[in-house]
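Written below as structure tokens is the structure these notes are about.
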Protein chains: 2
Amino acid sequence: MLDNERFDLIQKNGFGIIQNKKWFSYGIDAVLLSHFAEIKDGDRIMDMGTGTGIIPLLLSLNHQVDKIYGIEKQDQVADMAHRSVKKNKLEDTIEIIKADVLELKNKFDAGSFDVIVSNPPYFKKGNALINNGSVKAQSRHETSGDLEDFIKTAALLLKNKGCFYMVHRPMRLVDIIYYCRKHNLEPKTLQYVYPHCDKPPNILLIKCVKNGNHELKHKENLYVYDNNRDYTPQIREIYRNLKIDVF
Amino acid sequence: MLDNERFDLIQKNGFGIIQNKKWFSYGIDAVLLSHFAEIKDGDRIMDMGTGTGIIPLLLSLNHQVDKIYGIEKQDQVADMAHRSVKKNKLEDTIEIIKADVLELKNKFDAGSFDVIVSNPPYFKKGNALINNGSVKAQSRHETSGDLEDFIKTAALLLKNKGCFYMVHRPMRLVDIIYYCRKHNLEPKTLQYVYPHCDKPPNILLIKCVKNGNHELKHKENLYVYDNNRDYTPQIREIYRNLKIDVF
């Protein structure tokens, strides 16, 4: 373990994740996306912008996948995610690759993935208060690859009818839908997440199918906190379903 | 009044609307859209696909508008809407025009409207169970002009920064957003309407601004019925705000 790092348990049996206190820690977004993604046995999966590697870890703990590639553009973060994979002895299932989204078309074959998931940087290039080039800022802001690059690359790498699952902010919905339709990743399911039933939604989950037909379903809304600031039964059930027993 | 017609009161003081029992009667969609649209004094307004003319009537009863053009492609329906306007003595404010959406670019100047509202046919061409050419079917199905034609025409006829308000089905959200962005009618506000808090949304309201900047807001959800199948306080307040006192 390096300076500022800690090992955060996910399951009492010892599975967990290394996180750096000064960087971006995984949040409920990654958990909700891991639950939202429909994975079949033997799927070949990519996580674009994997950060700590939390999503590959949760997916491999819950499904019999073939392989999950966790793509991370930042050297130090990719190194930390790789050490988490080793610590969990999941090297056969998860491979962390240090790469920018723009390089992926040269590293993988087109049409070679069943599922691509992504919890990308939420903020536009040059469009936020803090964008100072730090590790944390780079995890939160689009730098070299922007939202369209993520979507375009996912569309290229997925098999026909392959699925793209993304978590993002509701304020970016128009960009998301426009670029997905433009690149033939048809939005099929949309789910809104509300911090509380009296607040506007602050997270959205979207499922797109490469060359899917044109009809969108809205999945039931998720509400994170109840009036006592505890997780709602909906959220507790998601954590239980993902076998996260330390939270 | 012709065969199968009745006069439905909207206000106790006598304002109302002629409807034909065999055709399409106005529903809550038109009421919600009339409330959702933000109208300023002196606005020049178009209602694309006006049907009975309910939206021009509600807008003129609630705002000091310059002029509202109600566009209706079906001869008999346009005639009935025109007779409603006369019966309400609103000929100075509302003009019903028999035209298809595809003809509008030849009848009106580009960039000449402040606001365009639309409660268009919800169903795609040839994509529904009933599409028999009847008056009712033509009110519900895209025939000559489809969703993109409505959006493209609205984009052409609106002034810069003019507003387009539409009510539609949530399952068409991807089409709506894609065509609006494509034609520079930027979606700015989205509001979902749920028949009940336990059901998925079945109506959506969207505000777009011609050449608006790229940021979408989600307005608080509307729930139509409570557990007793009565209108919720939210909906009652909307009817009260629109001065509809007969419902």
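Note on naming: chains are A, B, ... as they come in the structure tokens, residues start from 1 per chain, ligands start from 1 in the order shown.
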Practice prompt. Please report as a list of chain:residue names which residues of chain B come no farther than 8 Å from chain A, using only C-alpha atoms.
Written response: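 Matching residues, ligands excluded from the count: B:Pro170, B:Met171, B:Arg172, B:Leu173, B:Val174, B:Ile177, B:Tyr178, B:Arg181, B:Pro187, B:Lys199, B:Pro200, B:Pro201, B:His214, B:Glu215, B:Leu216, B:Lys217, B:His218, B:Lys219, B:Glu220.
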Discussion item. Please list as number ranges by chain every residue within 12 Å of region 85-99 of chain B, counting only C-alpha atoms and excluding residues in the same chain fewer than 5 positions away.
Written reply: B: 1, 7-11, 13-18, 42-61, 63-80, 104-108, 144-145
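Relative to CA of Val135 (chain A), CA of Arg83 (chain A) is found at 17.5 Å.
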For region 211-213 of chain B, list every protein, DNA or RNA residue within 7 Å, evaluated using only C-alpha atoms, and leave out those in the same chain fewer than 4 positions away; present the list as a CSV table (one decimal) with N, CA, C and O atoms, in the first residue's frame.
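out12.csv, freshly written:
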chain,number,residue,atom,x,y,z
B,160,ASN,N,-35.3,33.5,-33.1
B,160,ASN,CA,-34.1,33.0,-32.3
B,160,ASN,C,-34.5,33.1,-30.9
B,160,ASN,O,-35.0,34.1,-30.4
B,161,LYS,N,-34.2,32.1,-30.1
B,161,LYS,CA,-34.5,32.0,-28.7
B,161,LYS,C,-36.0,31.8,-28.4
B,161,LYS,O,-36.5,31.9,-27.3
B,184,ASN,N,-31.6,22.3,-34.0
B,184,ASN,CA,-31.3,23.4,-33.1
B,184,ASN,C,-32.4,23.9,-32.3
B,184,ASN,O,-32.5,25.1,-32.0
B,185,LEU,N,-33.3,23.1,-31.9
B,185,LEU,CA,-34.3,23.4,-30.9
B,185,LEU,C,-33.8,22.7,-29.6
B,185,LEU,O,-34.2,21.5,-29.4
B,186,GLU,N,-33.0,23.3,-28.8
B,186,GLU,CA,-32.4,22.7,-27.7
B,186,GLU,C,-33.3,22.4,-26.5
B,186,GLU,O,-33.9,23.3,-26.0
Item to complete: Skip Ala30 (chain A) itself and residues of its chain fewer than 3 positions away, then list as number ranges by chain all residues within 7 Å of it, counting only C-alpha atoms.
Response: A: 26-27, 33-34, 55, 119
Worksheet entry | Which of region 94-245 of chain B DSSP labels strand (DSSP E), written as an MDAnalysis selection string | chainID B and resid 94:98 113:118 158:168 185:194 203:210 217:223
Fill in: Two-atom distance - CA of Tyr192 (chain B), CA of Tyr223 (chain B) (Å)
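Interatomic distance here is 8.7 Å.
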Item to complete: For Leu158 (chain A), please output as a PyMOL selection string all residues within 10 Å (counting only C-alpha atoms; exclusion window: fewer than 5 positions along the same chain).
Response: chain A and resi 44-46+109-116+153+163-164+185+209-210
Residue selection dump (all heavy atoms) as a CSV table (one decimal), in the first residue's frame:
chain,number,residue,atom,x,y,z
A,44,ARG,N,-17.9,-11.0,-22.5
A,44,ARG,CA,-16.7,-10.3,-22.6
A,44,ARG,C,-17.0,-8.8,-22.4
A,44,ARG,O,-17.8,-8.2,-23.2
A,44,ARG,CB,-16.0,-10.5,-23.9
A,44,ARG,CG,-14.6,-10.0,-24.1
A,44,ARG,CD,-13.9,-10.6,-25.3
A,44,ARG,NE,-12.6,-10.3,-25.4
A,44,ARG,CZ,-12.1,-9.3,-26.2
A,44,ARG,NH1,-12.9,-8.6,-26.9
A,44,ARG,NH2,-10.8,-9.0,-26.2
A,45,ILE,N,-16.4,-8.2,-21.4
A,45,ILE,CA,-16.9,-6.9,-20.9
A,45,ILE,C,-15.8,-5.9,-20.8
A,45,ILE,O,-14.6,-6.2,-20.6
A,45,ILE,CB,-17.5,-7.1,-19.5
A,45,ILE,CG1,-18.6,-8.1,-19.5
A,45,ILE,CG2,-18.0,-5.7,-18.9
A,45,ILE,CD1,-19.1,-8.5,-18.1
A,46,MET,N,-16.1,-4.6,-21.1
A,46,MET,CA,-15.2,-3.5,-20.9
A,46,MET,C,-15.8,-2.5,-20.0
A,46,MET,O,-17.0,-2.2,-20.1
A,46,MET,CB,-14.8,-2.9,-22.2
A,46,MET,CG,-14.0,-1.6,-22.1
A,46,MET,SD,-13.6,-0.8,-23.7
A,46,MET,CE,-12.3,-1.9,-24.3
A,109,ASP,N,-10.4,-5.3,-31.1
A,109,ASP,CA,-11.1,-5.4,-32.4
A,109,ASP,C,-12.5,-4.8,-32.3
A,109,ASP,O,-13.2,-4.9,-31.3
A,109,ASP,CB,-11.2,-6.9,-32.7
A,109,ASP,CG,-9.9,-7.6,-33.0
A,109,ASP,OD1,-9.0,-6.8,-33.4
A,109,ASP,OD2,-9.7,-8.8,-32.9
A,110,ALA,N,-12.9,-4.2,-33.4
A,110,ALA,CA,-14.3,-3.8,-33.5
A,110,ALA,C,-15.2,-5.0,-33.4
A,110,ALA,O,-14.9,-6.1,-33.8
A,110,ALA,CB,-14.5,-3.1,-34.9
A,111,GLY,N,-16.3,-4.7,-32.7
A,111,GLY,CA,-17.4,-5.8,-32.6
A,111,GLY,C,-17.0,-7.0,-31.7
A,111,GLY,O,-17.5,-8.1,-31.9
A,112,SER,N,-16.1,-6.7,-30.7
A,112,SER,CA,-15.6,-7.8,-30.0
A,112,SER,C,-16.1,-7.9,-28.5
A,112,SER,O,-15.7,-8.8,-27.8
A,112,SER,CB,-14.0,-7.8,-30.0
A,112,SER,OG,-13.6,-6.7,-29.3
A,113,PHE,N,-17.0,-7.0,-28.1
A,113,PHE,CA,-17.5,-7.0,-26.7
A,113,PHE,C,-19.0,-7.3,-26.7
A,113,PHE,O,-19.7,-6.8,-27.5
A,113,PHE,CB,-17.1,-5.7,-26.0
A,113,PHE,CG,-15.7,-5.6,-25.6
A,113,PHE,CD1,-14.7,-5.1,-26.5
A,113,PHE,CD2,-15.3,-6.1,-24.4
A,113,PHE,CE1,-13.4,-5.1,-26.2
A,113,PHE,CE2,-13.9,-6.0,-24.0
A,113,PHE,CZ,-13.0,-5.5,-24.9
A,114,ASP,N,-19.4,-8.0,-25.7
A,114,ASP,CA,-20.8,-8.2,-25.4
A,114,ASP,C,-21.4,-7.0,-24.6
A,114,ASP,O,-22.6,-6.7,-24.9
A,114,ASP,CB,-21.0,-9.5,-24.6
A,114,ASP,CG,-20.5,-10.7,-25.2
A,114,ASP,OD1,-21.1,-11.1,-26.2
A,114,ASP,OD2,-19.4,-11.2,-24.8
A,115,VAL,N,-20.6,-6.5,-23.7
A,115,VAL,CA,-21.1,-5.5,-22.8
A,115,VAL,C,-20.0,-4.5,-22.6
A,115,VAL,O,-18.9,-4.8,-22.4
A,115,VAL,CB,-21.6,-6.1,-21.5
A,115,VAL,CG1,-21.8,-5.0,-20.4
A,115,VAL,CG2,-22.8,-7.0,-21.6
A,116,ILE,N,-20.4,-3.2,-22.7
A,116,ILE,CA,-19.5,-2.1,-22.2
A,116,ILE,C,-20.2,-1.3,-21.2
A,116,ILE,O,-21.4,-0.9,-21.4
A,116,ILE,CB,-19.0,-1.2,-23.4
A,116,ILE,CG1,-18.2,-2.1,-24.4
A,116,ILE,CG2,-18.1,-0.1,-22.9
A,116,ILE,CD1,-17.6,-1.4,-25.6
A,153,THR,N,-16.7,5.1,-29.3
A,153,THR,CA,-15.8,4.0,-29.1
A,153,THR,C,-16.6,2.8,-28.7
A,153,THR,O,-16.4,1.6,-29.1
A,153,THR,CB,-14.7,4.4,-28.1
A,153,THR,OG1,-14.1,5.5,-28.5
A,153,THR,CG2,-13.7,3.2,-27.9
A,163,CYS,N,-24.6,-4.5,-25.6
A,163,CYS,CA,-25.2,-3.5,-24.7
A,163,CYS,C,-24.2,-2.6,-24.1
A,163,CYS,O,-23.2,-3.0,-23.6
A,163,CYS,CB,-26.0,-4.2,-23.6
A,163,CYS,SG,-27.4,-5.2,-24.2
A,164,PHE,N,-24.6,-1.3,-24.0
A,164,PHE,CA,-23.8,-0.3,-23.4
A,164,PHE,C,-24.6,0.2,-22.2
A,164,PHE,O,-25.8,0.6,-22.4
A,164,PHE,CB,-23.6,0.9,-24.4
A,164,PHE,CG,-22.8,2.0,-23.9
A,164,PHE,CD1,-21.5,1.9,-23.4
A,164,PHE,CD2,-23.4,3.3,-24.0
A,164,PHE,CE1,-20.8,3.0,-22.9
A,164,PHE,CE2,-22.7,4.4,-23.5
A,164,PHE,CZ,-21.4,4.3,-23.0
A,185,LEU,N,-26.2,3.5,-31.2
A,185,LEU,CA,-26.3,2.8,-29.8
A,185,LEU,C,-27.7,3.3,-29.3
A,185,LEU,O,-27.8,4.3,-28.7
A,185,LEU,CB,-25.3,3.3,-28.9
A,185,LEU,CG,-23.9,2.6,-28.8
A,185,LEU,CD1,-23.1,3.1,-27.6
A,185,LEU,CD2,-24.1,1.1,-28.7
A,209,VAL,N,-28.6,-0.4,-26.9
A,209,VAL,CA,-28.3,-1.6,-27.6
A,209,VAL,C,-27.8,-1.2,-29.0
A,209,VAL,O,-28.5,-0.4,-29.7
A,209,VAL,CB,-29.6,-2.5,-27.7
A,209,VAL,CG1,-29.3,-3.6,-28.7
A,209,VAL,CG2,-30.0,-2.9,-26.4
A,210,LYS,N,-26.7,-1.7,-29.4
A,210,LYS,CA,-26.1,-1.4,-30.7
A,210,LYS,C,-27.1,-1.9,-31.8
A,210,LYS,O,-27.5,-3.1,-31.8
A,210,LYS,CB,-24.8,-2.1,-30.9
A,210,LYS,CG,-24.1,-1.8,-32.2
A,210,LYS,CD,-22.7,-2.3,-32.2
A,210,LYS,CE,-22.0,-2.1,-33.6
A,210,LYS,NZ,-20.6,-2.5,-33.6
Fill in: Those in region 147-178 of chain B with alpha helix (DSSP H) from DSSP, as a ChimeraX atom specification
/B:147-157,173-178
Worksheet entry | Proximity to Glu237 (chain A) - best of A:Lys207, A:Lys152, A:Lys21, A:His35, only C-alpha atoms | A:His35
Worksheet entry | Distance in Å - CA of Lys12 (chain A) versus CA of Ser84 (chain A) | 15.9 Å
